[in-house]
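Read through the structure below, which is laid out as structure tokens, and then see the notes.
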Amino acid sequence: MHLAALCPCQCRILEETRAGRALPGWDRLPRRVRDLHWPPLAVVPGGVALRAMCSGKLQTALLVAGYFVYLLVGAAVFQALERTAEKQEKMAAAQMKEAFLQNFTQLTVAEMEQFMKNLIEAIQNGVYPVGNESQFEESNWDFSNSFFFAGTVVSTIGYGTLHPKTVGGQIFCVFFALFGIPLNIVFLHRVGKMLSLLCKKLGKFLYEKGMRKKKIKFLTLLFFLATGILVFLCLPSVFFQITEGWSYSEGIYFAFITLSTIGFGDYVVGKQSDRKYFSYYRVLVAIWIIFGLAWIALLFNLLTTVLEDTEKIIVKDLQQIGKVSKDSVGSQQRRCWPVQFIPEEELLPPRAGGDAQKMKSLTAGSEHTKNEKKVFSNSNTISLTC
């Protein structure tokens, strides 16, 4: 059957249903048309779920792309705004060091104190006047360091060892964090959903194998904890031990302090002047931080849920204990009362009391029937004598 043979209403139903928007009337279309255009997306079981899954993947891809583009743009802007000012500070620090080495035997106490103040200020600004001039030429605001700084801003870690010093860089940092922090929260929420979806798939697989729900819950939780600790804490600590020269415990300490967004700043990657780092080392660390934040956020939510459930159980147990103790105290107080003040129904057992009442009612009923019989017999004798 050609589509021209259909009325406009039927054509609209066919077009909408094929596009995935189910309209009433599909079953009333001619059978040849339905067979020709079968299966429509809106009629297939799970078709709507398929469309939702595709749109969810598209949203995730757009969110990931937008997030990293935002970080890349922020890194480029920070590099452009701060690199020139950093060069001037490094030149001033190099001149200060050279002047000190030439005249350190003739410096007064006031000049020595001024030199110490200038040195501390240079270190606080991220300029370390150690080594030769080639080390001064290495910038703290190259693209790798700028990307790392942008990641620490939106993740609210804030080590404090690197910060913008120009007016333009500080103002841009305010607006970059203003929009970047909400974007980071949305991104971490989406990544957390993906991680929880993996755990749900594992639980479904174990359920199909015939495991019990409690065992499945325990195994998925164990898998989540073990995998996260291995990927985001243990293996990165080995990497930092090799690259930074830290001990393994220091690597674990840095990893947790960073992923929990505490960020003391006592340990920071890529800041040792006597070590050679490969290019984009801090970019790789920034990516590890981003995905590690999603895992540790889920871990904190899980621990919060466990603590809340434990609190509810403890409160419920305390309420039951208080109720039982209150009843026991009341019963003990009744035992201490004199017998004449205790009601009779409490002295008798419940069944015995019930049986006594039944016996009283039965005896009362039998006496009532006896009286009726006597009255009936008396009336008969009176009638006979008459």
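As shown in the structure tokens, the chain order sets the letters A, B, ...; within each chain, residues go from 1, and ligands are also counted from 1 in the order they appear.
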What are the DSSP helix (DSSP H, G or I) residues of range 30-220 of chain A, as number ranges by chain? A: 31-36, 47-103, 109-124, 133-136, 143-154, 167-208, 213-220
So which residues touch Val174 in chain A within 12 Å, counting only C-alpha atoms, skipping near sequence neighbours fewer than 5 positions away, as a list in words?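 Those residues are Gly74, Phe78, Ala150, Val153, Val154, His163, Pro164, Val167, Gly168, Gly169, Phe179, Gly180 and Ile181 of chain A.
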Which of these, A:Ile157, A:Leu107, A:Leu188, A:Cys199, has the shortest distance to Ala255 in chain A once you count only C-alpha atoms?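 Of A:Ile157, A:Leu107, A:Leu188, A:Cys199, the one nearest Ala255 in chain A is A:Ile157, counting only C-alpha atoms.
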Just want the 7 Å neighbourhood of Ile289 in chain A, counted on only C-alpha atoms, with same-chain residues fewer than 4 positions away dropped. Output as an MDAnalysis selection string. chainID A and resid 259 285 293
Could you save those same residues with C-alpha atoms as a PDB file, in the first residue's frame?
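Result file follows (result.pdb):
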```pdb
ATOM      1  CA  LEU A 259      42.001  13.458  46.504  1.00  0.00           C
ATOM      2  CA  VAL A 285      48.596  14.012  37.482  1.00  0.00           C
ATOM      3  CA  LEU A 293      37.921  12.846  43.139  1.00  0.00           C
TER       4      LEU A 293
END
```
Record the distance separating CA of Lys217 in chain A and CA of Val186 in chain A, expressed in Å with one decimal.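 Between these atoms lies a distance of 26.7 Å.
Using only C-alpha atoms, the residues found no farther than 12 Å from Val283 in chain A, other than those of its own chain fewer than 4 positions away, are Phe68, Leu71, Leu72, Ala75, Asp142, Phe143, Ser144, Asn145, Ser146, Phe147, Phe148, Phe149, Ala150, Gly151, Thr152, Val269, Gly270, Tyr277, Phe278, Ser279, Ile287, Trp288, Ile289 and Ile290 of chain A.
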Could the residues in this selection be saved with C-alpha atoms as an mmCIF file, in the first residue's frame?
```cif
data_model
loop_
_atom_site.group_PDB
_atom_site.id
_atom_site.type_symbol
_atom_site.label_atom_id
_atom_site.label_comp_id
_atom_site.auth_asym_id
_atom_site.auth_seq_id
_atom_site.Cartn_x
_atom_site.Cartn_y
_atom_site.Cartn_z
ATOM 1 C CA PHE A 68 38.355 19.405 29.333
ATOM 2 C CA LEU A 71 40.366 23.400 31.568
ATOM 3 C CA LEU A 72 42.439 23.811 28.392
ATOM 4 C CA ALA A 75 45.309 26.877 31.262
ATOM 5 C CA ASP A 142 54.133 26.534 31.098
ATOM 6 C CA PHE A 143 51.119 24.712 29.676
ATOM 7 C CA SER A 144 51.533 21.600 31.841
ATOM 8 C CA ASN A 145 51.766 23.579 35.077
ATOM 9 C CA SER A 146 48.951 25.902 34.001
ATOM 10 C CA PHE A 147 46.656 22.939 33.280
ATOM 11 C CA PHE A 148 47.540 21.458 36.661
ATOM 12 C CA PHE A 149 46.743 24.774 38.345
ATOM 13 C CA ALA A 150 43.406 25.030 36.520
ATOM 14 C CA GLY A 151 42.510 21.540 37.759
ATOM 15 C CA THR A 152 43.378 22.420 41.357
ATOM 16 C CA VAL A 269 54.379 17.187 42.310
ATOM 17 C CA GLY A 270 56.867 18.648 39.840
ATOM 18 C CA TYR A 277 60.289 15.534 34.756
ATOM 19 C CA PHE A 278 58.877 14.362 31.455
ATOM 20 C CA SER A 279 56.679 16.745 29.524
ATOM 21 C CA ILE A 287 43.704 13.794 35.074
ATOM 22 C CA TRP A 288 44.386 11.311 37.883
ATOM 23 C CA ILE A 289 43.118 13.888 40.381
ATOM 24 C CA ILE A 290 39.902 14.483 38.422
#
```
